[in-house]
Amino acid sequence: MSEKKPQAAPAKPKSFGWIAEYVDEHSLLAASRKVRDSGYTKTDAYTPFPVHGIDEALGIKPTILPFIVLGAGFTGLFTALILQYWTNAYDYKYIISGKPFASWPANIPVAFELTILFSAFTTFLGMWALNGLPKLSNPLFNSERFDRVTNDRFFLHVDSRDKYFNRESVKDLLAGTKPESLEEVVEDSSPTALPSVIWLGLGFLFCASLVPVAVVLNMRAGNDENPRWHVFFDMDFQPKKKAQQTTTIFADARIARPQVPGTVARGSLVNEDPFYLGFDPTKQASLNAANNIRLVSAADDKAEKPADTAPDTASEKSATTDPVKADEPAKETPAANPPAPTPTPAATPAAAGGPNLPWITEFPLEVDASLIALGKTKFEIYCSVCHGYAGDGDGLVHRRAEQLQQGYWLPPTSVHDPRIQAQPIGNIFYTISNGKGKMAGYGTVLSPKERWAIVSYVRALQRSRNANIEDVPVEMRAKIEEAKKAE
Amino acid sequence: MASISINPREIDNTVELPGQRAPLITGKQTFNSVTEMVCAVAEKPQPMLWYILFGFSSLTALMFVSLIGYLILTGVGIWGNMSPVFWAWPIVNFVFWVGIGHAGTLISAILFLFRQNWRTSINRAAEAMTIFAVICAGIYPGIHVGRAWLAFWLLPYPSLNLWMWPQFRSPLLWDVFAVGTYASTSLVFWYMGMVPDIATYRDRSKTPLRRFIYGILSLGWTGSSRHWLRYEKAYTILAALCAPLVLSVHTVVSFDFAVSQLPGWHTTIFPPYFVAGAIFSGFAMVVTLLVPVRAIYKLENLITLRHLENMNKIILATGSLVGLAYATEFFIAWYSKNQYEGFTFMNRAFGPYWWAYWIMVSCNVISPQLFWFKSLRVSPIWMVVICIFVNIGMWFERFVITVTSLSRDFLPSSWGYFNPTMYDGLMFFGSFGVFMTLFLLFCRFLPIIAISEIKGIMSIEAHREAHDKARASGGSHHH
Amino acid sequence: MTTTNSSDNLKLPEAWAGKYLLCFTLGVVLIAASGLVFFVGAPSKSDGLRFGMHSYLANFIYAISFGIGAMFFVLVSFLTRAGWSASIRRLAELISMTIPWVACLFAPILLVVAFSKGSALYEWNFANVEDIKESIVQAKVGYLNGPFFVTRAVICLGIWSLIVAYYYRLSRKQDETGDVGLTLDRQKWSAVLMMIFALTVSMAAFDWIMSIDADWFSTIFGVYLFSASMFGFFALMIVSFMLLQRNGKLKDEVNIEHYHDMGKFLFGFTMFWSYIAFSQFLLYWYGNIPEETAWFRVRINDGWQYLSYGLIIVHFAIPFLGLLSRHVRRHRTGLFFFACWALVVHWLDMTFLVMPNAGPFSMGMMFGHLLGGIGMFSLFIGFLLLRASDAPLVATGDPRLHEALSYANPLL
């Protein structure tokens with residue numbers, strides 16, 4: 001250790017060379033040059049502060065530390081860039097605030113910090129390593145006078161291992177530089193082994209430090225029936241009740257409460273009026289039995305599908321696997337026989353959106369210009385993004401999807417499709433309300449009146465492609481003729 | 001108010017004729033007298049004041065630690081943070097303390113690069129202050145994460161349970177890296193600078209225990225020239241690394257705010273403006289600490305009036321820069337014709353938090369203007385008073401930025417008014433206890449002035465003096 | 001000052017002294033040629049006017065940025081009582097003294113703004129508020145209007161001219177008298193003037209450059225112009241001293257230690273410029289608000305992306321890596337190369353600030369702009385030569401000159 005032993009009559013300790021002591025840096029520099037010019041290389045000066053010019057006076061070469069640091073800096077930079085790219089753009093991708101996975105501008109701060117961190121620690125550790133420190137034992141510490149090297153004295157040391165070292169000539173050389181004092185230092189003779197009590201202490205600390213690790217590992221790997229220790233409760237224990245538990249608050253001790261008489265649970269209200277449904281529920285019974293079973297099974301997820309009621313197996317199969325495809329054959333059938341409900345196999349209403357129901361064919365409200373205008377407004381807000389302003393199925397979303405060419409995009413239906421043209425208005429209303437395939441239901445955002453208004457507008461759109469001049473009111477015909485001429 | 005002092009050690013070295021440099025340390029100092037003066041701080045029995053301060057601050061620190069325990073057991077609900085002001089005092093205190101830390105690195109790194117030799121008397125204490133301030137700062141985000149025992153989730157380590165990685169596109173994670181790098185780099189810089197001085201302590205130790213501990217800490221330093229050369233090179237490299245680092249830290253802290261779209265936060269001047277503010281508050285803290293330290297430990301010859309005056313000039317300059325940034329923000333808020341920006345700034349000055357805003361302006365912009373008067377710049381009492389006001393102002397600056405912007409959302413329905421709780425106040429007060437306890441321990445056990453650096457500067461000054469004398473005597477002494 | 005130096009050593013080289021006339025001629029001819037390129041080459045008359053105005057402004061900012069940098073350097077030298085820079089400060093004073101003359105080159109733009117309405121340069125410059133395209137710009141006419149703009153510019157340039165003239169006059173007086181009080185006077189004023197400098201540079205950046213895109217705003221913009229100016233200024237200092245020394249002047253007054261320091265500053269401002277430019281970009285990129293990203297949008301489209309992304313390489317990466325080494329900063333040829341490089345990329349930076357607002361990138365437009373740039377630089381050099389022709393290139397009366405001649409850099 002750095003502890004100093006007084007030089008008490010050593011039994012011929014080995015010489016470590018001579019140290020000469022000076023009171024100021026100028027005499028040290030002069031002496032250093034003299035020693036350097038005499039050809040000694042295993043020399044060093046010891047000073048309380050860095051003396052400028054000593055490198056030249058002693059012939060010390062510049063350090064390679066800057067190059068090591070430069071390498072460390074680049075290592076830090078690339079570590080940071082790779083780390084950020086790999087974690088956020090490769091291994092664990094998720095979108096945040098619309099930024100790309102590999103967001104280089106956002107990676108620069110961390111890249112900068114790690115460059116500095118690596119460089120700084122390399123500078124710090126590299127400097128000590130190059131200096132051979134920590135080295136707590138040093139023969140120079142044997143000299144009593146050497147204590148002042150960290151205060152106000154300057155020392156010049158000529159090492160006994162120098163190949164020109166000669167005890168007497170070095171002494172004469174140094175004496176010639178007029179030092180404050182001159183003495184021979186000897187190798188440290190104190191024992192180098194650590195006392196056994198320190199080993200014992202370290203061993204004990206090491207074993208003790210294993211205990212918490214062992215406990216944690218045991219708890220992570222073990223299969224104890226008892227719950228884990230809860231050092232922190234996190235949210236494992238909360239003052240709340242779960243289903244099926246009991247309580248003392250209510251007389252029946254049940255935590256799950258039955259419905260209060262005379263109330264309707266949210267979302268359970270079913271209105272029987274065709275105005276809200278698009279079909280007449282009272283006529284539902286007239287549909288064939290198989291379809292009724294189907295409707296019941298739709299309400300009950302677990303019901304098996306009766307296989308014998310499906311003449312068209314393709315549609316049957318697709319109904320269960322791909323609801324979007326499933327509605328296509330189902331659609332064709334009503335197109336063939338418009339208002340009359342037919343005994344076609346239909347998918348479940350929720351899945352295919354094209355059930356066979358007693359559709360109404362007359363508007364349950366008065367259709368006038370204002371209703372169609374309302375329909376136009378709502379159509380352009382809600383429907384046109386996919387179906388297009390003219391209902392051709394070429395809205396912005398569709399065009400964007402085409403551009404992306406992702407392959408699994410199913411184009412929105414055109415309202416001018418003969419199949420849709422043949423659909424009863426109740427069916428269209430139903431589709432708008434409950435959605436179909438990828439299309440979401442708009443029943444929650446549009447009032448029934450608005451939905452009927454859209455139906456009326458869809459009908460108007462369909463009519464616009466198949467109209468002749470007689471369909472136009474007489475007073476408006478002249479205007480059309482004019483427009484035609486202008487073209 | 002006058003700089004006339006009855007203290008015989010108080011020699012005015014603030015006047016300097018161009019061409020003749022005033023001495024950096026006063027009195028006829030030798031290498032030995034400098035060693036004696038600095039070592040006396042740790043070797044002599046501490047004055048009664050030290051024990052009183054230490055008792056008070058350690059009790060305060062204890063209260064802080066207990067409150068952290070209470071917070072962890074109970075939850076962050078004990079603070080006043082509430083919708084819409086979810087970032088309140090904890091982030092304000094975090095930014096406040098990180099900012100305080102900046103002066104230390106600025107003095108040790110940037111002034112070193114600019115060859116400002118006067119830094120040698122104050123850099124050690126300022127660096128220590130940096131470390132302690134960053135410790136205080138780091139506590140706040142740590143305990144603000146809610147489940148403080150999982151704060152290590154902030155680090156990118158391969159988690160076998162979750163298989164998730166932190167979000168590198170978030171400025172809060174940049175903060176983890178910036179503050180982490182800053183704390184660790186400042187620590188090694190500080191420690192490295194101290195090793196030769198700890199060796200001085202070692203070599204003067206009278207008891208085996210002191211000799212053993214200082215012996216370990218000084219790593220066997222001998223003052224070898226080869227060691228010194230690498231040491232100086234390493235010191236220079238570290239300074240060159242720390243200079244951009246210190247800028248980056250408060251820049252990243254400002255990003256926490258400025259990358260958002262919140263009016264009053266989202267503005268491009270934030271990075272340099274936060275850095276200027278940080279240096280401003282940090283220097284104010286250094287002056288506040290060093291004026292009593294030099295008086296208690298009789299270090300007026302080493303930490304001279306000139307050192308204090310220079311720091312006060314930097315406070316004046318950075319304070320004015322901060323004022324300029326306030327003005328620019330206001331001007332651009334008006335110029336942009338962005339109604340949200342415009343509202344935010346009118347709301348700051350005349351809204352419900354007008355009092356905080358005007359405390360900030362008067363403490364930060366107006367009070368440092370007093371340093372235009374030299375008599376105030378060199379008066380220890382006055383400078384401490386002004387510096388305390390500056391730090392009050394800088395705390396309020398962060399409060400104004402954080403709370404006024406958050407309390408006024410885009411939707412008036414989510415507007416609110418922040419009310420701190422008792423725990424907010426006690427914990428902020430408690431963090432001063434931690435800071436002061438650490439600083440007092442530092443004074444007690446470690447070299448508070450860079451002894452070897454001062455000696456190096458003394459050698460250069462002596463050389464220059466000889467040079468000047470030769471020149472004055474008409475000699476043709478020319479490089 | 002030591003007597004070993006003859007005063008001849010401190011003068012401009014003989015061959016340079018009369019060259020200012022050549023510079024002026026070249027400058028006027030090239031600027032006229034650039035105007036011709038724009039008017040002949042542009043698709044329409046209004047395009048030509050727009051390109052010409054933008055190009056002229058960018059080149060004007062380039063020329064005056066050296067003066068801005070020099071003014072700051074002189075002020076900060078006195079503020080910090082710097083000794084090391086005493087021997088190189090005179091050149092900075094001479095560069096700063098070009099401000100009053102370069103300021104006159106702003107007159108064409110001021111005249112256009114004052115008398116010819118239209119959006120050729122500033123989109124707010126209309127007589128009628130209703131003519132302004134964007135309503136948000138219409139709301140700014142209280143600040144952005146012809147008379148007020150001209151007033152501010154005149155005040156700003158006037159203040160700068162007064163500052164530099166005051167410092168130069170005292171410096172020249174000190175050459176004769178060696179009076180220490182003249183240094184004290186300049187020290188005394190430096191702090192206040194530094195604040196005025198900060199305010200006016202911000203205002204100039206907002207007015208002259210930022211208001212081209214009048215609905216865009218960035219609070220850091222003044223700092224950006226400041227950092228770019230310092231970068232250009234130190235490059236110009238290094239190049240000038242190198243050329244002077246190659247012509248046998250200032251052999252002893254400027255040594256490798258000064259180059260090393262100026263090299264450090266050039267390196268430092270490379271980093272500072274990058275820091276400011278990156279901060280501005282990152283905050284707007286991250287916020288992603290259309291009105292704020294608009295400025296960058298024009299700069300990463302229509303061919304300008306090569307310039308914008310290129311600046312990261314040529315204005316940051318190359319000078320940064322090049323000047324990182326102490327050996328390069330102390331190597332005359334190496335430092336000279338990077339200083340010349342910096343002068344060119346500083347011009348590209350000014351181009352980046354202004355030109356994309358003129359329209360899509362085209363080689364013809366850049367050709368005209370380059371001609372104008374060389375012309376404007378020639379005028380600037382002409383002013384500098386004219387200023388330097390009757391003054392010693394070192395402030396011989398400065399009481400701190402001996403410090404500048406005898407210091408050595410520490411390890412960095």
# chains A, B, ... in the order shown; residues from 1 in each chain; ligands from 1

call {"tool": "interface_residues", "arguments": {"of": "chain C", "to": "chain B", "cutoff": "7 Å", "atoms": "only C-alpha atoms", "output": "CSV table (one decimal) with N, CA and C atoms, in the first residue's frame"}}
result
chain,number,residue,atom,x,y,z
C,136,ILE,N,-52.6,35.3,-43.6
C,136,ILE,CA,-51.8,35.5,-42.4
C,136,ILE,C,-50.7,36.5,-42.6
C,140,LYS,N,-49.8,40.8,-41.0
C,140,LYS,CA,-48.5,41.3,-40.5
C,140,LYS,C,-48.1,42.6,-41.1
C,180,VAL,N,-3.2,54.1,-23.5
C,180,VAL,CA,-3.9,53.0,-22.9
C,180,VAL,C,-5.4,53.3,-22.7
C,183,THR,N,-7.9,51.9,-25.2
C,183,THR,CA,-8.4,50.6,-24.9
C,183,THR,C,-9.5,50.5,-23.9
C,215,ASP,N,-44.9,34.0,-44.0
C,215,ASP,CA,-45.7,33.4,-43.0
C,215,ASP,C,-44.9,32.4,-42.1
C,217,PHE,N,-41.7,31.4,-39.5
C,217,PHE,CA,-41.1,32.0,-38.4
C,217,PHE,C,-40.2,31.0,-37.7
C,218,SER,N,-39.1,31.5,-37.1
C,218,SER,CA,-38.3,30.7,-36.3
C,218,SER,C,-37.5,31.6,-35.4
C,219,THR,N,-37.7,31.3,-34.1
C,219,THR,CA,-37.0,32.3,-33.1
C,219,THR,C,-35.5,32.2,-33.1
C,220,ILE,N,-35.0,31.0,-33.6
C,220,ILE,CA,-33.5,30.8,-33.6
C,220,ILE,C,-32.8,31.5,-34.8
C,279,SER,N,-30.8,22.1,-34.5
C,279,SER,CA,-31.9,22.3,-33.6
C,279,SER,C,-33.1,22.9,-34.3
C,280,GLN,N,-32.9,23.8,-35.2
C,280,GLN,CA,-34.0,24.4,-35.9
C,280,GLN,C,-34.8,23.3,-36.7
C,283,LEU,N,-36.6,20.5,-34.4
C,283,LEU,CA,-37.9,20.9,-33.7
C,283,LEU,C,-39.0,21.0,-34.7
C,286,TYR,N,-39.9,17.4,-36.0
C,286,TYR,CA,-40.6,16.6,-35.0
C,286,TYR,C,-42.0,17.1,-34.8
C,287,GLY,N,-42.2,18.5,-34.7
C,287,GLY,CA,-43.5,19.0,-34.5
C,287,GLY,C,-44.4,18.8,-35.7
C,399,PRO,N,-1.7,48.1,-26.3
C,399,PRO,CA,-0.8,47.8,-25.2
C,399,PRO,C,-0.7,46.3,-24.9
C,400,ARG,N,-1.6,45.5,-25.5
C,400,ARG,CA,-1.5,44.0,-25.3
C,400,ARG,C,-0.8,43.3,-26.4
C,406,SER,N,3.8,36.6,-27.9
C,406,SER,CA,4.6,35.7,-27.1
C,406,SER,C,3.8,34.5,-26.4
C,411,LEU,N,-1.9,22.2,-24.9
C,411,LEU,CA,-1.8,21.0,-25.7
C,411,LEU,C,-2.8,20.8,-26.8
C,412,LEU,N,-4.0,21.5,-26.7
C,412,LEU,CA,-5.1,21.1,-27.6
C,412,LEU,C,-4.7,21.4,-29.0

call {"tool": "interface_residues", "arguments": {"of": "chain B", "to": "chain A", "cutoff": "8 Å", "atoms": "only C-alpha atoms", "output": "PyMOL selection string"}}
result
chain B and resi 31-32+35+147+164-170+174+177-178+181+185+188-189+192+196-197+199-200+203-204+208+211-212+215-216+219-234+237-238+241-242+245+248+252+452-453+455-456

call {"tool": "atom_distance", "arguments": {"atom1": "CA of Ile109 (chain C)", "atom2": "CA of Leu121 (chain C)"}}
result
8.8 Å

call {"tool": "interface_residues", "arguments": {"of": "chain C", "to": "chain A", "cutoff": "12 Å", "atoms": "only C-alpha atoms", "output": "ChimeraX atom specification"}}
result
/C:274-275,277-288,321,324-327,408-412

call {"tool": "write_last_selection", "arguments": {"atoms": "C-alpha atoms", "output": "compact mmCIF listing (two decimals), in the first residue's frame"}}
result
# COMPACT_ATOMS: atom_id res chain seq x y z
CA SER C 274 -24.46 22.55 -37.13
CA TYR C 275 -25.92 22.67 -33.64
CA ALA C 277 -29.14 24.35 -37.89
CA PHE C 278 -29.92 20.92 -36.48
CA SER C 279 -31.91 22.33 -33.56
CA GLN C 280 -34.05 24.38 -35.90
CA PHE C 281 -34.60 21.44 -38.22
CA LEU C 282 -35.25 18.85 -35.53
CA LEU C 283 -37.87 20.90 -33.72
CA TYR C 284 -39.83 21.59 -36.90
CA TRP C 285 -39.36 18.08 -38.24
CA TYR C 286 -40.60 16.62 -34.99
CA GLY C 287 -43.50 19.03 -34.52
CA ASN C 288 -44.53 18.44 -38.15
CA LEU C 321 -13.48 15.77 -39.64
CA LEU C 324 -10.66 17.72 -35.77
CA SER C 325 -6.95 17.10 -35.68
CA ARG C 326 -4.59 19.50 -33.99
CA HIS C 327 -2.04 18.75 -36.67
CA ALA C 408 1.86 29.54 -27.01
CA ASN C 409 -1.07 27.20 -27.23
CA PRO C 410 -1.38 24.53 -24.61
CA LEU C 411 -1.81 20.95 -25.67
CA LEU C 412 -5.08 21.14 -27.59

call {"tool": "select_by_dssp", "arguments": {"residues": "region 201-402 of chain C", "states": "helix (DSSP H, G or I)", "output": "PyMOL selection string"}}
result
chain C and resi 201-213+221-246+256-287+290-299+304-323+326-329+332-358+363-388+401-402

call {"tool": "write_last_selection", "arguments": {"atoms": "C-alpha atoms", "output": "short mmCIF file (atom, residue, chain, number, x, y, z; two decimals), in the first residue's frame"}}
result
data_model
loop_
_atom_site.label_atom_id
_atom_site.label_comp_id
_atom_site.auth_asym_id
_atom_site.auth_seq_id
_atom_site.Cartn_x
_atom_site.Cartn_y
_atom_site.Cartn_z
CA VAL C 201 -28.40 40.91 -35.90
CA SER C 202 -31.58 39.11 -34.88
CA MET C 203 -33.67 41.86 -36.39
CA ALA C 204 -31.66 41.87 -39.60
CA ALA C 205 -32.01 38.10 -39.95
CA PHE C 206 -35.75 38.24 -39.34
CA ASP C 207 -36.30 41.18 -41.67
CA TRP C 208 -34.00 40.54 -44.55
CA ILE C 209 -34.07 36.76 -44.85
CA MET C 210 -36.87 35.28 -42.79
CA SER C 211 -39.54 37.62 -44.11
CA ILE C 212 -39.01 36.40 -47.68
CA ASP C 213 -41.26 33.57 -46.60
CA PHE C 221 -33.06 32.46 -36.98
CA GLY C 222 -30.92 35.33 -35.74
CA VAL C 223 -28.57 32.90 -34.02
CA TYR C 224 -28.33 30.95 -37.27
CA LEU C 225 -27.18 34.01 -39.18
CA PHE C 226 -24.75 34.84 -36.38
CA SER C 227 -23.19 31.36 -36.38
CA ALA C 228 -22.88 31.34 -40.16
CA SER C 229 -21.29 34.80 -40.12
CA MET C 230 -18.69 33.78 -37.57
CA PHE C 231 -17.88 30.69 -39.61
CA GLY C 232 -17.35 32.77 -42.75
CA PHE C 233 -15.44 35.46 -40.89
CA PHE C 234 -12.82 33.12 -39.42
CA ALA C 235 -12.36 31.46 -42.79
CA LEU C 236 -11.75 34.87 -44.36
CA MET C 237 -9.26 35.83 -41.63
CA ILE C 238 -7.25 32.65 -42.12
CA VAL C 239 -7.21 32.99 -45.90
CA SER C 240 -6.26 36.69 -45.74
CA PHE C 241 -3.37 36.16 -43.35
CA MET C 242 -2.09 33.22 -45.36
CA LEU C 243 -2.11 35.29 -48.55
CA LEU C 244 -0.49 38.28 -46.85
CA GLN C 245 2.26 36.12 -45.43
CA ARG C 246 2.87 34.45 -48.76
CA ILE C 256 1.28 29.36 -36.07
CA GLU C 257 -0.29 29.88 -32.66
CA HIS C 258 -2.70 32.44 -34.13
CA TYR C 259 -3.56 30.15 -36.99
CA HIS C 260 -4.10 27.37 -34.52
CA ASP C 261 -6.50 29.53 -32.55
CA MET C 262 -8.38 30.78 -35.59
CA GLY C 263 -8.52 27.16 -36.77
CA LYS C 264 -10.05 26.21 -33.44
CA PHE C 265 -12.62 28.93 -33.85
CA LEU C 266 -13.40 27.79 -37.38
CA PHE C 267 -13.81 24.27 -36.04
CA GLY C 268 -15.89 25.51 -33.13
CA PHE C 269 -18.22 27.47 -35.35
CA THR C 270 -18.54 24.51 -37.70
CA MET C 271 -19.99 22.69 -34.74
CA PHE C 272 -22.01 25.65 -33.49
CA TRP C 273 -23.54 26.23 -36.91
CA SER C 274 -24.46 22.55 -37.13
CA TYR C 275 -25.92 22.67 -33.64
CA ILE C 276 -28.12 25.64 -34.47
CA ALA C 277 -29.14 24.35 -37.89
CA PHE C 278 -29.92 20.92 -36.48
CA SER C 279 -31.91 22.33 -33.56
CA GLN C 280 -34.05 24.38 -35.90
CA PHE C 281 -34.60 21.44 -38.22
CA LEU C 282 -35.25 18.85 -35.53
CA LEU C 283 -37.87 20.90 -33.72
CA TYR C 284 -39.83 21.59 -36.90
CA TRP C 285 -39.36 18.08 -38.24
CA TYR C 286 -40.60 16.62 -34.99
CA GLY C 287 -43.50 19.03 -34.52
CA PRO C 290 -47.53 22.36 -41.95
CA GLU C 291 -47.01 26.10 -41.51
CA GLU C 292 -43.61 25.44 -39.94
CA THR C 293 -42.38 22.69 -42.20
CA ALA C 294 -43.25 24.73 -45.30
CA TRP C 295 -39.85 26.41 -45.24
CA PHE C 296 -38.08 23.05 -45.27
CA ARG C 297 -40.49 21.68 -47.81
CA VAL C 298 -39.31 24.05 -50.52
CA ARG C 299 -35.76 23.20 -49.58
CA TRP C 304 -32.88 22.03 -53.80
CA GLN C 305 -32.63 18.78 -51.83
CA TYR C 306 -29.13 18.21 -53.22
CA LEU C 307 -28.02 21.53 -51.81
CA SER C 308 -29.84 21.10 -48.50
CA TYR C 309 -28.64 17.57 -47.79
CA GLY C 310 -25.30 18.40 -49.33
CA LEU C 311 -24.73 21.10 -46.71
CA ILE C 312 -24.70 18.39 -44.04
CA ILE C 313 -21.68 16.90 -45.79
CA VAL C 314 -19.84 19.99 -47.00
CA HIS C 315 -20.71 22.43 -44.22
CA PHE C 316 -20.53 19.99 -41.33
CA ALA C 317 -18.96 16.59 -41.93
CA ILE C 318 -15.99 17.59 -44.06
CA PRO C 319 -14.82 20.65 -42.10
CA PHE C 320 -15.55 18.83 -38.84
CA LEU C 321 -13.48 15.77 -39.64
CA GLY C 322 -10.88 17.86 -41.41
CA LEU C 323 -10.29 20.29 -38.56
CA ARG C 326 -4.59 19.50 -33.99
CA HIS C 327 -2.04 18.75 -36.67
CA VAL C 328 -4.32 20.05 -39.42
CA ARG C 329 -5.10 23.20 -37.48
CA ARG C 332 -0.55 25.93 -43.01
CA THR C 333 -1.62 24.18 -46.20
CA GLY C 334 -4.23 22.06 -44.46
CA LEU C 335 -5.75 25.01 -42.69
CA PHE C 336 -5.64 27.14 -45.84
CA PHE C 337 -7.51 24.46 -47.75
CA PHE C 338 -10.29 24.17 -45.19
CA ALA C 339 -10.58 27.95 -44.84
CA CYS C 340 -11.05 28.30 -48.62
CA TRP C 341 -13.51 25.44 -48.45
CA ALA C 342 -15.39 27.25 -45.70
CA LEU C 343 -15.63 30.44 -47.77
CA VAL C 344 -17.32 28.48 -50.55
CA VAL C 345 -19.69 26.49 -48.38
CA HIS C 346 -20.61 29.63 -46.48
CA TRP C 347 -21.79 31.04 -49.81
CA LEU C 348 -23.76 27.83 -50.41
CA ASP C 349 -25.31 28.25 -46.98
CA MET C 350 -26.47 31.77 -47.81
CA THR C 351 -27.80 30.40 -51.10
CA PHE C 352 -29.69 27.75 -49.13
CA LEU C 353 -31.26 30.44 -46.96
CA VAL C 354 -32.57 32.57 -49.79
CA MET C 355 -32.63 31.00 -53.23
CA PRO C 356 -35.13 28.13 -52.86
CA ASN C 357 -37.84 30.73 -52.32
CA ALA C 358 -37.20 32.06 -55.80
CA MET C 363 -28.53 25.21 -63.57
CA GLY C 364 -29.16 28.47 -65.39
CA MET C 365 -30.37 30.13 -62.23
CA MET C 366 -27.36 28.85 -60.30
CA PHE C 367 -25.04 30.08 -63.03
CA GLY C 368 -26.44 33.58 -62.79
CA HIS C 369 -26.33 33.39 -59.02
CA LEU C 370 -22.72 32.25 -59.06
CA LEU C 371 -21.72 35.13 -61.33
CA GLY C 372 -23.43 37.53 -58.97
CA GLY C 373 -21.77 35.87 -55.99
CA ILE C 374 -18.30 36.26 -57.43
CA GLY C 375 -19.15 39.82 -58.39
CA MET C 376 -20.35 40.69 -54.91
CA PHE C 377 -17.29 39.06 -53.35
CA SER C 378 -15.08 41.11 -55.68
CA LEU C 379 -16.78 44.29 -54.58
CA PHE C 380 -16.29 43.24 -50.98
CA ILE C 381 -12.60 42.50 -51.55
CA GLY C 382 -12.30 45.83 -53.32
CA PHE C 383 -13.71 47.61 -50.28
CA LEU C 384 -11.38 45.69 -48.03
CA LEU C 385 -8.32 46.52 -50.14
CA LEU C 386 -9.32 50.17 -50.25
CA ARG C 387 -9.72 50.21 -46.46
CA ALA C 388 -6.44 48.42 -45.91
CA LEU C 401 0.43 43.44 -28.48
CA HIS C 402 3.35 41.83 -26.65
#

call {"tool": "select_by_dssp", "arguments": {"residues": "region 36-185 of chain A", "states": "strand (DSSP E)", "output": "compact mmCIF listing (two decimals) with C-alpha atoms, in the first residue's frame"}}
result
# COMPACT_ATOMS: atom_id res chain seq x y z
CA THR A 43 14.84 8.96 -16.02
CA ASP A 44 11.82 10.83 -14.82
CA ALA A 45 10.99 14.13 -13.20
CA TYR A 46 8.43 14.38 -10.40
CA PHE A 154 10.77 19.03 -7.80
CA PHE A 155 12.57 15.72 -8.09
CA LEU A 156 14.69 14.15 -10.76
CA HIS A 157 15.08 10.39 -10.66
CA VAL A 158 17.67 8.30 -12.48
CA ASP A 159 16.61 4.68 -12.39
CA SER A 181 19.22 17.27 -1.58
CA LEU A 182 20.35 14.04 -3.14
CA GLU A 183 19.51 10.57 -1.91
CA GLU A 184 19.46 6.99 -3.02
CA VAL A 185 16.09 5.28 -2.94

call {"tool": "residues_around", "arguments": {"residues": "region 148-154 of chain B", "least_positions_apart": "5", "cutoff": "8 Å", "atoms": "only C-alpha atoms", "output": "number ranges by chain"}}
result
B: 72, 142-143, 166, 173, 176

call {"tool": "residues_around", "arguments": {"residues": "Pro100 (chain C)", "least_positions_apart": "3", "cutoff": "10 Å", "atoms": "only C-alpha atoms", "output": "list of chain:residue names"}}
result
C:Ile64, C:Gly67, C:Ser96, C:Met97, C:Ala103, C:Cys104, C:Leu105, C:Leu157, C:Gly158, C:Ile159, C:Trp160, C:Ser161, C:Leu162, C:Val164, C:Ala165, C:Phe383

call {"tool": "residues_around", "arguments": {"residues": "Ile428 (chain A)", "least_positions_apart": "4", "cutoff": "9 Å", "atoms": "only C-alpha atoms", "output": "list in words"}}
result
Gly278, Ile420, Gln423, Pro424, Ile432, Ser433, Val455 and Val458 of chain A

call {"tool": "atom_distance", "arguments": {"atom1": "CA of Glu300 (chain B)", "atom2": "CA of Ile11 (chain B)"}}
result
8.2 Å

call {"tool": "residues_around", "arguments": {"residues": "Ser83 (chain B)", "least_positions_apart": "2", "cutoff": "9 Å", "atoms": "only C-alpha atoms", "output": "PDB file with C-alpha atoms, in the first residue's frame"}}
result
ATOM      1  CA  ASN B  81     -49.801  17.079 -10.415  1.00  0.00           C
ATOM      2  CA  VAL B  85     -50.781  19.917 -15.418  1.00  0.00           C
ATOM      3  CA  PHE B  86     -49.205  16.484 -15.267  1.00  0.00           C
ATOM      4  CA  LEU B 406     -49.933  22.962 -19.651  1.00  0.00           C
ATOM      5  CA  SER B 407     -52.717  24.667 -17.771  1.00  0.00           C
ATOM      6  CA  SER B 414     -59.538  21.125 -20.225  1.00  0.00           C
ATOM      7  CA  TRP B 415     -58.094  24.272 -18.721  1.00  0.00           C
ATOM      8  CA  GLY B 416     -57.036  24.113 -15.126  1.00  0.00           C
ATOM      9  CA  PHE B 418     -52.170  24.023 -10.694  1.00  0.00           C
TER      10      PHE B 418
END
